[in-house]
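Reviewing the structure listed below.
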Amino acid sequence: PDVLGRITETASLAADAGAVYVELVDEAKDETKCVAEYGEGVPPAGTKGDYRGSLAAEVLDDREPKIIRRVSAEQGRRSIFGAFARSCGDCSAMVVPLVADREKLGALFLIRHHPGFFTEPELPRVKILADMASLAIKRALDMDQIRKLQADERFLSDAARILASSLDYNKTLKTVAQLAVPRIADWSAIHLIEDGVLRTVEVAHADPAKLTSVRRFQENYSTRR
(Lines give C-alpha, C1' and ligand atoms only; values in the text may rest on other atoms or scores of the structure.)
Protein backbone atom coordinates (compact mmCIF):
# COMPACT_ATOMS: atom_id res chain seq x y z
CA PRO A 1 0.00 0.00 0.00
CA ASP A 2 2.83 2.42 0.77
CA VAL A 3 4.49 1.78 -2.60
CA LEU A 4 1.22 2.25 -4.49
CA GLY A 5 0.43 5.44 -2.59
CA ARG A 6 3.80 6.93 -3.48
CA ILE A 7 3.41 5.92 -7.13
CA THR A 8 0.02 7.62 -7.58
CA GLU A 9 1.12 10.81 -5.85
CA THR A 10 4.40 10.99 -7.79
CA ALA A 11 2.61 10.31 -11.08
CA SER A 12 0.16 13.12 -10.41
CA LEU A 13 2.96 15.61 -9.82
CA ALA A 14 5.29 14.41 -12.59
CA ALA A 15 2.58 14.24 -15.28
CA ASP A 16 0.60 17.24 -14.06
CA ALA A 17 -2.49 15.05 -13.72
CA GLY A 18 -5.45 16.09 -11.63
CA ALA A 19 -6.10 12.52 -10.57
CA VAL A 20 -4.40 9.12 -10.86
CA TYR A 21 -5.35 5.55 -10.14
CA VAL A 22 -3.78 2.12 -10.56
CA GLU A 23 -5.48 -1.08 -11.72
CA LEU A 24 -3.81 -4.43 -11.11
CA VAL A 25 -4.99 -7.31 -13.27
CA ASP A 26 -5.74 -10.99 -12.81
CA GLU A 27 -6.10 -12.59 -16.25
CA ALA A 28 -7.09 -15.97 -14.80
CA LYS A 29 -10.08 -14.40 -13.04
CA ASP A 30 -10.78 -11.98 -15.92
CA GLU A 31 -10.63 -9.20 -13.34
CA THR A 32 -9.04 -5.84 -12.73
CA LYS A 33 -8.95 -4.14 -9.36
CA CYS A 34 -8.28 -0.53 -8.41
CA VAL A 35 -5.59 -0.74 -5.74
CA ALA A 36 -4.62 2.91 -5.28
CA GLU A 37 -5.94 6.35 -6.18
CA TYR A 38 -4.91 9.98 -5.86
CA GLY A 39 -7.08 13.02 -6.45
CA GLU A 40 -10.84 13.39 -6.66
CA GLY A 41 -13.43 11.60 -8.75
CA VAL A 42 -11.46 8.45 -9.57
CA PRO A 43 -12.63 4.93 -8.62
CA PRO A 44 -11.95 4.13 -4.96
CA ALA A 45 -9.45 1.43 -4.04
CA GLY A 46 -11.14 -1.97 -4.00
CA THR A 47 -13.31 -1.32 -7.08
CA LYS A 48 -13.34 -4.34 -9.42
CA GLY A 49 -14.16 -4.73 -13.11
CA ASP A 50 -13.81 -6.99 -16.14
CA TYR A 51 -10.37 -7.48 -17.64
CA ARG A 52 -11.35 -8.57 -21.15
CA GLY A 53 -12.38 -5.56 -23.18
CA SER A 54 -10.83 -3.11 -20.74
CA LEU A 55 -8.31 -0.39 -21.54
CA ALA A 56 -5.90 -2.12 -19.18
CA ALA A 57 -6.05 -5.23 -21.39
CA GLU A 58 -5.49 -3.16 -24.54
CA VAL A 59 -2.39 -1.32 -23.35
CA LEU A 60 -0.95 -4.47 -21.80
CA ASP A 61 -1.36 -6.38 -25.07
CA ASP A 62 0.19 -3.53 -27.09
CA ARG A 63 2.83 -2.73 -24.45
CA GLU A 64 2.27 0.92 -25.34
CA PRO A 65 0.52 3.80 -23.53
CA LYS A 66 -2.67 5.23 -24.97
CA ILE A 67 -4.23 8.70 -24.87
CA ILE A 68 -8.01 8.94 -24.52
CA ARG A 69 -8.94 12.45 -25.60
CA ARG A 70 -12.62 12.14 -24.70
CA VAL A 71 -13.11 9.86 -21.71
CA SER A 72 -16.91 10.15 -21.98
CA ALA A 73 -16.73 8.16 -25.25
CA GLU A 74 -15.53 5.11 -23.29
CA GLN A 75 -18.56 4.71 -21.02
CA GLY A 76 -19.82 1.71 -22.97
CA ARG A 77 -16.99 -0.50 -21.68
CA ARG A 78 -17.77 -3.07 -19.00
CA SER A 79 -14.79 -2.13 -16.90
CA ILE A 80 -13.68 0.16 -14.08
CA PHE A 81 -12.74 2.85 -16.60
CA GLY A 82 -16.09 2.47 -18.36
CA ALA A 83 -17.94 3.22 -15.11
CA PHE A 84 -15.58 6.13 -14.40
CA ALA A 85 -16.22 7.58 -17.87
CA ARG A 86 -19.88 8.10 -17.02
CA SER A 87 -19.00 10.63 -14.33
CA CYS A 88 -15.72 12.14 -15.55
CA GLY A 89 -17.25 14.92 -17.64
CA ASP A 90 -15.00 16.82 -20.07
CA CYS A 91 -11.67 15.11 -19.37
CA SER A 92 -8.89 13.20 -21.07
CA ALA A 93 -6.81 10.29 -19.87
CA MET A 94 -3.48 8.63 -20.45
CA VAL A 95 -3.39 4.88 -19.80
CA VAL A 96 0.06 3.35 -19.37
CA PRO A 97 0.84 -0.39 -19.11
CA LEU A 98 2.61 -1.68 -16.02
CA VAL A 99 4.90 -4.54 -17.01
CA ALA A 100 7.92 -6.00 -15.21
CA ASP A 101 9.96 -9.02 -16.28
CA ARG A 102 7.41 -9.57 -19.08
CA GLU A 103 4.69 -10.01 -16.46
CA LYS A 104 1.48 -8.07 -16.99
CA LEU A 105 0.84 -6.27 -13.72
CA GLY A 106 -1.77 -3.66 -14.58
CA ALA A 107 -2.18 -0.11 -15.82
CA LEU A 108 -1.62 3.43 -14.61
CA PHE A 109 -4.49 5.84 -15.35
CA LEU A 110 -3.78 9.59 -15.40
CA ILE A 111 -6.69 12.04 -15.66
CA ARG A 112 -6.83 15.68 -16.77
CA HIS A 113 -9.82 17.96 -17.16
CA HIS A 114 -10.34 20.46 -20.00
CA PRO A 115 -8.43 22.33 -21.35
CA GLY A 116 -5.21 20.57 -20.34
CA PHE A 117 -5.58 17.42 -22.44
CA PHE A 118 -2.69 14.95 -22.77
CA THR A 119 -0.48 15.15 -25.85
CA GLU A 120 1.78 12.71 -27.74
CA PRO A 121 5.09 14.42 -26.73
CA GLU A 122 4.30 13.60 -23.08
CA LEU A 123 4.20 9.84 -23.67
CA PRO A 124 7.95 9.06 -23.32
CA ARG A 125 8.26 10.81 -19.95
CA VAL A 126 5.19 9.09 -18.53
CA LYS A 127 6.35 5.73 -19.91
CA ILE A 128 9.63 6.05 -17.98
CA LEU A 129 7.64 6.81 -14.84
CA ALA A 130 5.43 3.75 -15.46
CA ASP A 131 8.48 1.49 -15.95
CA MET A 132 9.86 2.62 -12.59
CA ALA A 133 6.44 2.10 -11.00
CA SER A 134 6.24 -1.41 -12.49
CA LEU A 135 9.54 -2.42 -10.93
CA ALA A 136 8.49 -1.03 -7.56
CA ILE A 137 5.16 -2.88 -7.68
CA LYS A 138 6.80 -6.15 -8.76
CA ARG A 139 9.34 -5.91 -5.94
CA ALA A 140 6.60 -5.16 -3.41
CA LEU A 141 4.49 -8.10 -4.63
CA ASP A 142 7.50 -10.43 -4.48
CA MET A 143 8.30 -9.33 -0.93
CA ASP A 144 4.68 -9.81 0.08
CA GLN A 145 4.75 -13.35 -1.34
CA ILE A 146 7.97 -14.10 0.54
CA ARG A 147 6.43 -12.87 3.79
CA LYS A 148 3.40 -15.11 3.24
CA LEU A 149 5.61 -18.14 2.59
CA GLN A 150 7.61 -17.41 5.74
CA ALA A 151 4.38 -17.09 7.73
CA ASP A 152 3.19 -20.45 6.36
CA GLU A 153 6.46 -22.08 7.34
CA ARG A 154 6.20 -20.67 10.87
CA PHE A 155 2.61 -21.93 11.08
CA LEU A 156 3.58 -25.47 10.07
CA SER A 157 6.52 -25.43 12.47
CA ASP A 158 4.33 -24.21 15.35
CA ALA A 159 1.65 -26.78 14.51
CA ALA A 160 4.12 -29.68 14.52
CA ARG A 161 5.63 -28.55 17.82
CA ILE A 162 2.25 -28.05 19.55
CA LEU A 163 0.73 -31.32 18.29
CA ALA A 164 3.77 -33.27 19.48
CA SER A 165 3.66 -31.72 22.95
CA SER A 166 0.75 -33.81 24.26
CA LEU A 167 -0.55 -37.36 23.93
CA ASP A 168 -3.90 -36.42 25.43
CA TYR A 169 -6.59 -37.14 22.80
CA ASN A 170 -9.09 -34.42 23.75
CA LYS A 171 -6.41 -31.79 24.28
CA THR A 172 -4.94 -32.52 20.85
CA LEU A 173 -8.33 -32.13 19.16
CA LYS A 174 -8.83 -28.78 20.87
CA THR A 175 -5.37 -27.67 19.76
CA VAL A 176 -6.01 -28.69 16.15
CA ALA A 177 -9.22 -26.61 16.00
CA GLN A 178 -7.54 -23.57 17.52
CA LEU A 179 -4.44 -23.77 15.31
CA ALA A 180 -6.36 -22.75 12.21
CA VAL A 181 -7.94 -19.67 13.84
CA PRO A 182 -7.34 -16.93 12.88
CA ARG A 183 -4.28 -17.61 10.72
CA ILE A 184 -6.06 -19.47 7.91
CA ALA A 185 -9.76 -19.35 8.87
CA ASP A 186 -12.39 -17.53 10.90
CA TRP A 187 -14.17 -20.76 11.84
CA SER A 188 -12.75 -24.17 12.59
CA ALA A 189 -14.70 -27.29 13.56
CA ILE A 190 -13.81 -30.95 14.04
CA HIS A 191 -16.42 -33.67 13.45
CA LEU A 192 -15.78 -37.31 14.34
CA ILE A 193 -17.72 -40.43 13.44
CA GLU A 194 -18.10 -42.57 16.54
CA ASP A 195 -20.15 -45.78 16.37
CA GLY A 196 -21.75 -44.57 13.15
CA VAL A 197 -22.82 -41.27 14.68
CA LEU A 198 -21.37 -37.91 13.58
CA ARG A 199 -20.40 -35.75 16.54
CA THR A 200 -18.96 -32.24 16.71
CA VAL A 201 -16.12 -32.50 19.19
CA GLU A 202 -14.49 -29.08 18.97
CA VAL A 203 -15.24 -25.64 17.54
CA ALA A 204 -13.11 -22.49 17.48
CA HIS A 205 -13.74 -18.97 16.18
CA ALA A 206 -11.66 -15.84 15.79
CA ASP A 207 -14.29 -14.06 17.91
CA PRO A 208 -14.87 -16.12 21.09
CA ALA A 209 -18.27 -14.46 21.55
CA LYS A 210 -19.52 -16.30 18.45
CA LEU A 211 -19.06 -19.67 20.17
CA THR A 212 -22.27 -19.06 22.14
CA SER A 213 -24.20 -19.10 18.86
CA VAL A 214 -22.50 -22.35 17.83
CA ARG A 215 -23.52 -24.09 21.02
CA ARG A 216 -27.10 -22.87 20.58
CA PHE A 217 -27.21 -24.27 17.03
CA GLN A 218 -25.84 -27.58 18.26
CA GLU A 219 -28.56 -27.80 20.89
CA ASN A 220 -31.36 -26.99 18.43
CA TYR A 221 -30.15 -28.89 15.38
CA SER A 222 -28.65 -32.36 15.48
CA THR A 223 -25.64 -33.06 13.27
CA ARG A 224 -26.48 -35.15 10.19
CA ARG A 225 -23.96 -37.42 8.58
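In the C-alpha coordinates, the first chain shown is A, the next is B, and so on; residue numbers restart at 1 for each chain, and ligands run from 1 in the order shown.
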Selection near range 98-113 of chain A, 9 Å with only C-alpha atoms, sequence-local residues under 2 positions removed, as a short mmCIF file (atom, residue, chain, number, x, y, z; two decimals) with N, CA and C atoms, in the first residue's frame:
```cif
data_model
loop_
_atom_site.label_atom_id
_atom_site.label_comp_id
_atom_site.auth_asym_id
_atom_site.auth_seq_id
_atom_site.Cartn_x
_atom_site.Cartn_y
_atom_site.Cartn_z
N THR A 8 1.13 6.78 -7.09
CA THR A 8 0.02 7.62 -7.58
C THR A 8 0.30 9.10 -7.33
N ALA A 11 3.11 10.23 -9.71
CA ALA A 11 2.61 10.31 -11.08
C ALA A 11 1.78 11.56 -11.29
N SER A 12 0.99 11.92 -10.30
CA SER A 12 0.16 13.12 -10.41
C SER A 12 1.02 14.37 -10.56
N ALA A 15 3.32 14.14 -14.02
CA ALA A 15 2.58 14.24 -15.28
C ALA A 15 1.56 15.36 -15.27
N ASP A 16 1.55 16.15 -14.19
CA ASP A 16 0.60 17.24 -14.06
C ASP A 16 -0.83 16.74 -14.27
N ALA A 17 -1.15 15.64 -13.61
CA ALA A 17 -2.49 15.05 -13.72
C ALA A 17 -3.32 15.42 -12.49
N GLY A 18 -4.58 15.73 -12.73
CA GLY A 18 -5.45 16.09 -11.63
C GLY A 18 -5.80 14.91 -10.74
N ALA A 19 -5.79 13.72 -11.33
CA ALA A 19 -6.10 12.52 -10.57
C ALA A 19 -5.39 11.32 -11.21
N VAL A 20 -5.11 10.32 -10.40
CA VAL A 20 -4.40 9.12 -10.86
C VAL A 20 -4.97 7.91 -10.13
N TYR A 21 -5.06 6.80 -10.84
CA TYR A 21 -5.35 5.55 -10.14
C TYR A 21 -4.66 4.38 -10.82
N VAL A 22 -4.49 3.30 -10.07
CA VAL A 22 -3.78 2.12 -10.56
C VAL A 22 -4.72 0.91 -10.54
N GLU A 23 -4.76 0.19 -11.66
CA GLU A 23 -5.48 -1.08 -11.72
C GLU A 23 -4.47 -2.21 -11.82
N LEU A 24 -4.57 -3.20 -10.96
CA LEU A 24 -3.81 -4.43 -11.11
C LEU A 24 -4.73 -5.48 -11.73
N VAL A 25 -4.15 -6.38 -12.52
CA VAL A 25 -4.99 -7.31 -13.27
C VAL A 25 -4.75 -8.76 -12.85
N ASP A 26 -5.80 -9.55 -13.03
CA ASP A 26 -5.74 -10.99 -12.81
C ASP A 26 -6.39 -11.64 -14.03
N GLU A 27 -5.55 -12.03 -15.01
CA GLU A 27 -6.10 -12.59 -16.25
C GLU A 27 -6.88 -13.87 -16.00
N THR A 32 -9.96 -6.91 -13.09
CA THR A 32 -9.04 -5.84 -12.73
C THR A 32 -9.52 -5.26 -11.41
N LYS A 33 -8.59 -4.69 -10.65
CA LYS A 33 -8.95 -4.14 -9.36
C LYS A 33 -8.19 -2.83 -9.13
N VAL A 42 -11.88 9.73 -8.98
CA VAL A 42 -11.46 8.45 -9.57
C VAL A 42 -12.05 7.29 -8.77
N LEU A 55 -9.47 -1.13 -21.05
CA LEU A 55 -8.31 -0.39 -21.54
C LEU A 55 -7.02 -0.97 -20.99
N ALA A 56 -7.08 -1.48 -19.77
CA ALA A 56 -5.90 -2.12 -19.18
C ALA A 56 -5.44 -3.28 -20.06
N ALA A 57 -6.39 -4.09 -20.53
CA ALA A 57 -6.05 -5.23 -21.39
C ALA A 57 -5.44 -4.75 -22.71
N VAL A 59 -3.76 -1.86 -23.44
CA VAL A 59 -2.39 -1.32 -23.35
C VAL A 59 -1.39 -2.40 -22.94
N LEU A 60 -1.85 -3.38 -22.19
CA LEU A 60 -0.95 -4.47 -21.80
C LEU A 60 -0.62 -5.36 -22.99
N ASP A 61 -1.60 -5.58 -23.87
CA ASP A 61 -1.36 -6.38 -25.07
C ASP A 61 -0.43 -5.64 -26.03
N ARG A 63 1.63 -3.18 -25.16
CA ARG A 63 2.83 -2.73 -24.45
C ARG A 63 3.13 -1.26 -24.72
N PHE A 81 -12.86 1.58 -15.87
CA PHE A 81 -12.74 2.85 -16.60
C PHE A 81 -14.06 3.22 -17.27
N CYS A 88 -16.94 11.33 -15.43
CA CYS A 88 -15.72 12.14 -15.55
C CYS A 88 -15.98 13.52 -16.14
N GLY A 89 -17.00 13.64 -17.01
CA GLY A 89 -17.25 14.92 -17.64
C GLY A 89 -16.28 15.18 -18.79
N ASP A 90 -15.87 16.44 -18.96
CA ASP A 90 -15.00 16.82 -20.07
C ASP A 90 -13.54 16.62 -19.65
N CYS A 91 -13.05 15.40 -19.80
CA CYS A 91 -11.67 15.11 -19.37
C CYS A 91 -10.99 14.17 -20.35
N SER A 92 -9.68 14.13 -20.26
CA SER A 92 -8.89 13.20 -21.07
C SER A 92 -8.09 12.31 -20.13
N ALA A 93 -7.56 11.24 -20.69
CA ALA A 93 -6.81 10.29 -19.87
C ALA A 93 -5.61 9.76 -20.64
N MET A 94 -4.60 9.37 -19.89
CA MET A 94 -3.48 8.63 -20.45
C MET A 94 -3.40 7.31 -19.68
N VAL A 95 -3.41 6.22 -20.42
CA VAL A 95 -3.39 4.88 -19.80
C VAL A 95 -2.06 4.23 -20.16
N VAL A 96 -1.30 3.85 -19.15
CA VAL A 96 0.06 3.35 -19.37
C VAL A 96 0.18 1.93 -18.81
N PRO A 115 -8.92 22.53 -19.98
CA PRO A 115 -8.43 22.33 -21.35
C PRO A 115 -7.09 21.62 -21.43
N GLY A 116 -6.56 21.13 -20.33
CA GLY A 116 -5.21 20.57 -20.34
C GLY A 116 -5.15 19.13 -20.76
N PHE A 117 -5.58 18.79 -21.98
CA PHE A 117 -5.58 17.42 -22.44
C PHE A 117 -4.15 16.90 -22.66
N PHE A 118 -4.00 15.58 -22.56
CA PHE A 118 -2.69 14.95 -22.77
C PHE A 118 -2.30 15.02 -24.25
N ALA A 130 6.17 5.01 -15.61
CA ALA A 130 5.43 3.75 -15.46
C ALA A 130 6.38 2.56 -15.32
N ASP A 131 7.50 2.58 -16.06
CA ASP A 131 8.48 1.49 -15.95
C ASP A 131 9.06 1.42 -14.53
N ALA A 133 7.55 2.53 -11.86
CA ALA A 133 6.44 2.10 -11.00
C ALA A 133 6.26 0.59 -11.08
N SER A 134 6.40 0.04 -12.29
CA SER A 134 6.24 -1.41 -12.49
C SER A 134 7.25 -2.20 -11.67
N LEU A 135 8.50 -1.74 -11.70
CA LEU A 135 9.54 -2.42 -10.93
C LEU A 135 9.27 -2.35 -9.44
N ILE A 137 6.31 -2.02 -7.98
CA ILE A 137 5.16 -2.88 -7.68
C ILE A 137 5.58 -4.34 -7.67
N LYS A 138 6.36 -4.75 -8.68
CA LYS A 138 6.80 -6.15 -8.76
C LYS A 138 7.63 -6.52 -7.54
#
```
Extract the full set of helix (DSSP H, G or I) residues from range 80-193 of chain A according to DSSP on the backbone, and format it as a tab-separated table (two decimals) with N, CA and C atoms, in the first residue's frame.
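Dumped to result_0.tsv:
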```tsv
chain	number	residue	atom	x	y	z
A	80	ILE	N	-13.77	-0.92	-15.07
A	80	ILE	CA	-13.68	0.16	-14.08
A	80	ILE	C	-13.65	1.50	-14.79
A	81	PHE	N	-12.86	1.58	-15.87
A	81	PHE	CA	-12.74	2.85	-16.60
A	81	PHE	C	-14.06	3.22	-17.27
A	82	GLY	N	-14.80	2.22	-17.75
A	82	GLY	CA	-16.09	2.47	-18.36
A	82	GLY	C	-17.06	3.13	-17.38
A	83	ALA	N	-17.08	2.63	-16.14
A	83	ALA	CA	-17.94	3.22	-15.11
A	83	ALA	C	-17.46	4.62	-14.76
A	84	PHE	N	-16.14	4.81	-14.70
A	84	PHE	CA	-15.58	6.13	-14.40
A	84	PHE	C	-15.93	7.14	-15.48
A	85	ALA	N	-15.95	6.68	-16.74
A	85	ALA	CA	-16.22	7.58	-17.87
A	85	ALA	C	-17.59	8.22	-17.78
A	86	ARG	N	-18.52	7.56	-17.11
A	86	ARG	CA	-19.88	8.10	-17.02
A	86	ARG	C	-19.98	9.29	-16.08
A	87	SER	N	-18.96	9.51	-15.28
A	87	SER	CA	-19.00	10.63	-14.33
A	87	SER	C	-17.84	11.60	-14.49
A	88	CYS	N	-16.94	11.33	-15.43
A	88	CYS	CA	-15.72	12.14	-15.55
A	88	CYS	C	-15.98	13.52	-16.14
A	120	GLU	N	0.83	13.76	-27.36
A	120	GLU	CA	1.78	12.71	-27.74
A	120	GLU	C	3.19	12.96	-27.20
A	121	PRO	N	3.71	14.21	-27.23
A	121	PRO	CA	5.09	14.42	-26.73
A	121	PRO	C	5.27	14.06	-25.25
A	122	GLU	N	4.19	13.93	-24.49
A	122	GLU	CA	4.30	13.60	-23.08
A	122	GLU	C	4.46	12.10	-22.84
A	123	LEU	N	4.20	11.29	-23.84
A	123	LEU	CA	4.20	9.84	-23.67
A	123	LEU	C	5.53	9.28	-23.18
A	124	PRO	N	6.68	9.66	-23.76
A	124	PRO	CA	7.95	9.06	-23.32
A	124	PRO	C	8.23	9.29	-21.83
A	125	ARG	N	7.98	10.51	-21.35
A	125	ARG	CA	8.26	10.81	-19.95
A	125	ARG	C	7.39	9.97	-19.01
A	126	VAL	N	6.11	9.87	-19.37
A	126	VAL	CA	5.19	9.09	-18.53
A	126	VAL	C	5.52	7.60	-18.61
A	127	LYS	N	5.98	7.14	-19.78
A	127	LYS	CA	6.35	5.73	-19.91
A	127	LYS	C	7.52	5.39	-19.00
A	128	ILE	N	8.50	6.27	-18.90
A	128	ILE	CA	9.63	6.05	-17.98
A	128	ILE	C	9.13	5.95	-16.54
A	129	LEU	N	8.23	6.84	-16.18
A	129	LEU	CA	7.64	6.81	-14.84
A	129	LEU	C	6.92	5.49	-14.59
A	130	ALA	N	6.17	5.01	-15.61
A	130	ALA	CA	5.43	3.75	-15.46
A	130	ALA	C	6.38	2.56	-15.32
A	131	ASP	N	7.50	2.58	-16.06
A	131	ASP	CA	8.48	1.49	-15.95
A	131	ASP	C	9.06	1.42	-14.53
A	132	MET	N	9.34	2.58	-13.96
A	132	MET	CA	9.86	2.62	-12.59
A	132	MET	C	8.80	2.13	-11.61
A	133	ALA	N	7.55	2.53	-11.86
A	133	ALA	CA	6.44	2.10	-11.00
A	133	ALA	C	6.26	0.59	-11.08
A	134	SER	N	6.40	0.04	-12.29
A	134	SER	CA	6.24	-1.41	-12.49
A	134	SER	C	7.25	-2.20	-11.67
A	135	LEU	N	8.50	-1.74	-11.70
A	135	LEU	CA	9.54	-2.42	-10.93
A	135	LEU	C	9.27	-2.35	-9.44
A	136	ALA	N	8.79	-1.19	-8.98
A	136	ALA	CA	8.49	-1.03	-7.56
A	136	ALA	C	7.34	-1.94	-7.14
A	137	ILE	N	6.31	-2.02	-7.98
A	137	ILE	CA	5.16	-2.88	-7.68
A	137	ILE	C	5.58	-4.34	-7.67
A	138	LYS	N	6.36	-4.75	-8.68
A	138	LYS	CA	6.80	-6.15	-8.76
A	138	LYS	C	7.63	-6.52	-7.54
A	139	ARG	N	8.52	-5.63	-7.12
A	139	ARG	CA	9.34	-5.91	-5.94
A	139	ARG	C	8.48	-6.03	-4.69
A	140	ALA	N	7.49	-5.13	-4.57
A	140	ALA	CA	6.60	-5.16	-3.41
A	140	ALA	C	5.77	-6.45	-3.39
A	141	LEU	N	5.28	-6.86	-4.56
A	141	LEU	CA	4.49	-8.10	-4.63
A	141	LEU	C	5.34	-9.31	-4.29
A	142	ASP	N	6.59	-9.32	-4.79
A	142	ASP	CA	7.50	-10.43	-4.48
A	142	ASP	C	7.79	-10.50	-2.99
A	143	MET	N	8.03	-9.35	-2.37
A	143	MET	CA	8.30	-9.33	-0.93
A	143	MET	C	7.09	-9.79	-0.14
A	144	ASP	N	5.91	-9.40	-0.60
A	144	ASP	CA	4.68	-9.81	0.08
A	144	ASP	C	4.52	-11.33	0.00
A	145	GLN	N	4.84	-11.90	-1.17
A	145	GLN	CA	4.75	-13.35	-1.34
A	145	GLN	C	5.75	-14.06	-0.44
A	146	ILE	N	6.96	-13.51	-0.33
A	146	ILE	CA	7.97	-14.10	0.54
A	146	ILE	C	7.52	-14.09	1.99
A	147	ARG	N	6.93	-12.96	2.41
A	147	ARG	CA	6.43	-12.87	3.79
A	147	ARG	C	5.34	-13.90	4.06
A	148	LYS	N	4.47	-14.12	3.07
A	148	LYS	CA	3.40	-15.11	3.24
A	148	LYS	C	3.98	-16.52	3.35
A	149	LEU	N	4.97	-16.82	2.53
A	149	LEU	CA	5.61	-18.14	2.59
A	149	LEU	C	6.29	-18.35	3.94
A	150	GLN	N	6.95	-17.30	4.43
A	150	GLN	CA	7.61	-17.41	5.74
A	150	GLN	C	6.59	-17.62	6.84
A	151	ALA	N	5.44	-16.93	6.73
A	151	ALA	CA	4.38	-17.09	7.73
A	151	ALA	C	3.82	-18.51	7.70
A	152	ASP	N	3.68	-19.07	6.48
A	152	ASP	CA	3.19	-20.45	6.36
A	152	ASP	C	4.17	-21.44	6.99
A	153	GLU	N	5.45	-21.20	6.77
A	153	GLU	CA	6.46	-22.08	7.34
A	153	GLU	C	6.43	-22.03	8.87
A	154	ARG	N	6.28	-20.81	9.40
A	154	ARG	CA	6.20	-20.67	10.87
A	154	ARG	C	4.96	-21.38	11.40
A	155	PHE	N	3.85	-21.28	10.65
A	155	PHE	CA	2.61	-21.93	11.08
A	155	PHE	C	2.78	-23.44	11.14
A	156	LEU	N	3.38	-24.03	10.09
A	156	LEU	CA	3.58	-25.47	10.07
A	156	LEU	C	4.53	-25.92	11.17
A	157	SER	N	5.56	-25.11	11.41
A	157	SER	CA	6.52	-25.43	12.47
A	157	SER	C	5.85	-25.40	13.84
A	158	ASP	N	5.05	-24.34	14.07
A	158	ASP	CA	4.33	-24.21	15.35
A	158	ASP	C	3.34	-25.35	15.52
A	159	ALA	N	2.64	-25.71	14.43
A	159	ALA	CA	1.65	-26.78	14.51
A	159	ALA	C	2.30	-28.11	14.88
A	160	ALA	N	3.43	-28.42	14.24
A	160	ALA	CA	4.12	-29.68	14.52
A	160	ALA	C	4.58	-29.73	15.97
A	161	ARG	N	5.13	-28.60	16.44
A	161	ARG	CA	5.63	-28.55	17.82
A	161	ARG	C	4.48	-28.71	18.82
A	162	ILE	N	3.37	-28.01	18.61
A	162	ILE	CA	2.25	-28.05	19.55
A	162	ILE	C	1.58	-29.42	19.56
A	163	LEU	N	1.39	-30.02	18.37
A	163	LEU	CA	0.73	-31.32	18.29
A	163	LEU	C	1.58	-32.42	18.93
A	169	TYR	N	-5.72	-37.14	23.97
A	169	TYR	CA	-6.59	-37.14	22.80
A	169	TYR	C	-7.45	-35.88	22.71
A	170	ASN	N	-8.18	-35.58	23.76
A	170	ASN	CA	-9.09	-34.42	23.75
A	170	ASN	C	-8.32	-33.10	23.65
A	171	LYS	N	-7.21	-33.02	24.33
A	171	LYS	CA	-6.41	-31.79	24.28
A	171	LYS	C	-5.88	-31.56	22.87
A	172	THR	N	-5.46	-32.64	22.21
A	172	THR	CA	-4.94	-32.52	20.85
A	172	THR	C	-6.01	-32.03	19.88
A	173	LEU	N	-7.23	-32.56	20.02
A	173	LEU	CA	-8.33	-32.13	19.16
A	173	LEU	C	-8.62	-30.64	19.34
A	174	LYS	N	-8.60	-30.19	20.58
A	174	LYS	CA	-8.83	-28.78	20.87
A	174	LYS	C	-7.73	-27.92	20.23
A	175	THR	N	-6.50	-28.40	20.33
A	175	THR	CA	-5.37	-27.67	19.76
A	175	THR	C	-5.48	-27.57	18.25
A	176	VAL	N	-5.88	-28.67	17.61
A	176	VAL	CA	-6.01	-28.69	16.15
A	176	VAL	C	-7.03	-27.65	15.69
A	177	ALA	N	-8.17	-27.57	16.38
A	177	ALA	CA	-9.22	-26.61	16.00
A	177	ALA	C	-8.73	-25.18	16.17
A	178	GLN	N	-7.99	-24.93	17.23
A	178	GLN	CA	-7.54	-23.57	17.52
A	178	GLN	C	-6.35	-23.14	16.67
A	179	LEU	N	-5.60	-24.10	16.14
A	179	LEU	CA	-4.44	-23.77	15.31
A	179	LEU	C	-4.83	-23.00	14.06
```
Which residues are near Ser54 in chain A? Cut-off 7 Å, only C-alpha atoms, ignore same chain within fewer than 4 positions. Put them as a count of residues only. 4
Please identify which residues in range 18-218 of chain A DSSP calls strand (DSSP E or B) from the backbone, and express them as a VMD selection string. chain A and resid 19 to 26 31 to 38 48 to 50 66 to 68 91 to 100 103 to 113 187 to 194 197 to 205
Two-atom distance - CA of Glu9 in chain A, CA of Tyr38 in chain A (Å):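 About the pair CA of Glu9 in chain A and CA of Tyr38 in chain A: they are 6.1 Å apart.
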Could you tell me which of A:Glu64, A:Asp30, A:Glu40, A:Glu202 comes closest to Arg52 in chain A if we count only C-alpha atoms? A:Asp30
Contacts of Leu211 in chain A at 12 Å or less, counting only C-alpha atoms, minus same-chain residues fewer than 6 places along, as a PyMOL selection string? chain A and resi 186-189+202-205+217-218
Next, the residues of the selection above should be written as a PDB file, in the first residue's frame with N, CA and C atoms.
```
ATOM      1  N   ASP A 186     -11.636 -18.177   9.827  1.00  0.00           N
ATOM      2  CA  ASP A 186     -12.390 -17.531  10.902  1.00  0.00           C
ATOM      3  C   ASP A 186     -13.053 -18.589  11.791  1.00  0.00           C
ATOM      4  N   TRP A 187     -13.532 -19.649  11.134  1.00  0.00           N
ATOM      5  CA  TRP A 187     -14.166 -20.761  11.845  1.00  0.00           C
ATOM      6  C   TRP A 187     -13.313 -22.016  11.704  1.00  0.00           C
ATOM      7  N   SER A 188     -13.374 -22.859  12.694  1.00  0.00           N
ATOM      8  CA  SER A 188     -12.749 -24.169  12.589  1.00  0.00           C
ATOM      9  C   SER A 188     -13.567 -25.151  13.430  1.00  0.00           C
ATOM     10  N   ALA A 189     -13.910 -26.289  12.831  1.00  0.00           N
ATOM     11  CA  ALA A 189     -14.703 -27.288  13.562  1.00  0.00           C
ATOM     12  C   ALA A 189     -14.178 -28.682  13.244  1.00  0.00           C
ATOM     13  N   GLU A 202     -15.195 -30.319  18.623  1.00  0.00           N
ATOM     14  CA  GLU A 202     -14.490 -29.082  18.968  1.00  0.00           C
ATOM     15  C   GLU A 202     -14.806 -28.016  17.924  1.00  0.00           C
ATOM     16  N   VAL A 203     -14.986 -26.775  18.408  1.00  0.00           N
ATOM     17  CA  VAL A 203     -15.242 -25.636  17.540  1.00  0.00           C
ATOM     18  C   VAL A 203     -14.426 -24.459  18.051  1.00  0.00           C
ATOM     19  N   ALA A 204     -13.848 -23.694  17.104  1.00  0.00           N
ATOM     20  CA  ALA A 204     -13.108 -22.491  17.477  1.00  0.00           C
ATOM     21  C   ALA A 204     -13.508 -21.364  16.531  1.00  0.00           C
ATOM     22  N   HIS A 205     -13.422 -20.141  17.006  1.00  0.00           N
ATOM     23  CA  HIS A 205     -13.742 -18.975  16.180  1.00  0.00           C
ATOM     24  C   HIS A 205     -12.821 -17.824  16.549  1.00  0.00           C
ATOM     25  N   PHE A 217     -26.850 -23.514  18.239  1.00  0.00           N
ATOM     26  CA  PHE A 217     -27.208 -24.269  17.034  1.00  0.00           C
ATOM     27  C   PHE A 217     -27.093 -25.774  17.281  1.00  0.00           C
ATOM     28  N   GLN A 218     -26.044 -26.160  17.997  1.00  0.00           N
ATOM     29  CA  GLN A 218     -25.838 -27.584  18.265  1.00  0.00           C
ATOM     30  C   GLN A 218     -26.955 -28.165  19.120  1.00  0.00           C
TER      31      GLN A 218
END
```
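Rounded to one decimal, CA of Arg69 in chain A and CA of Gly46 in chain A lie 26.1 Å from each other.
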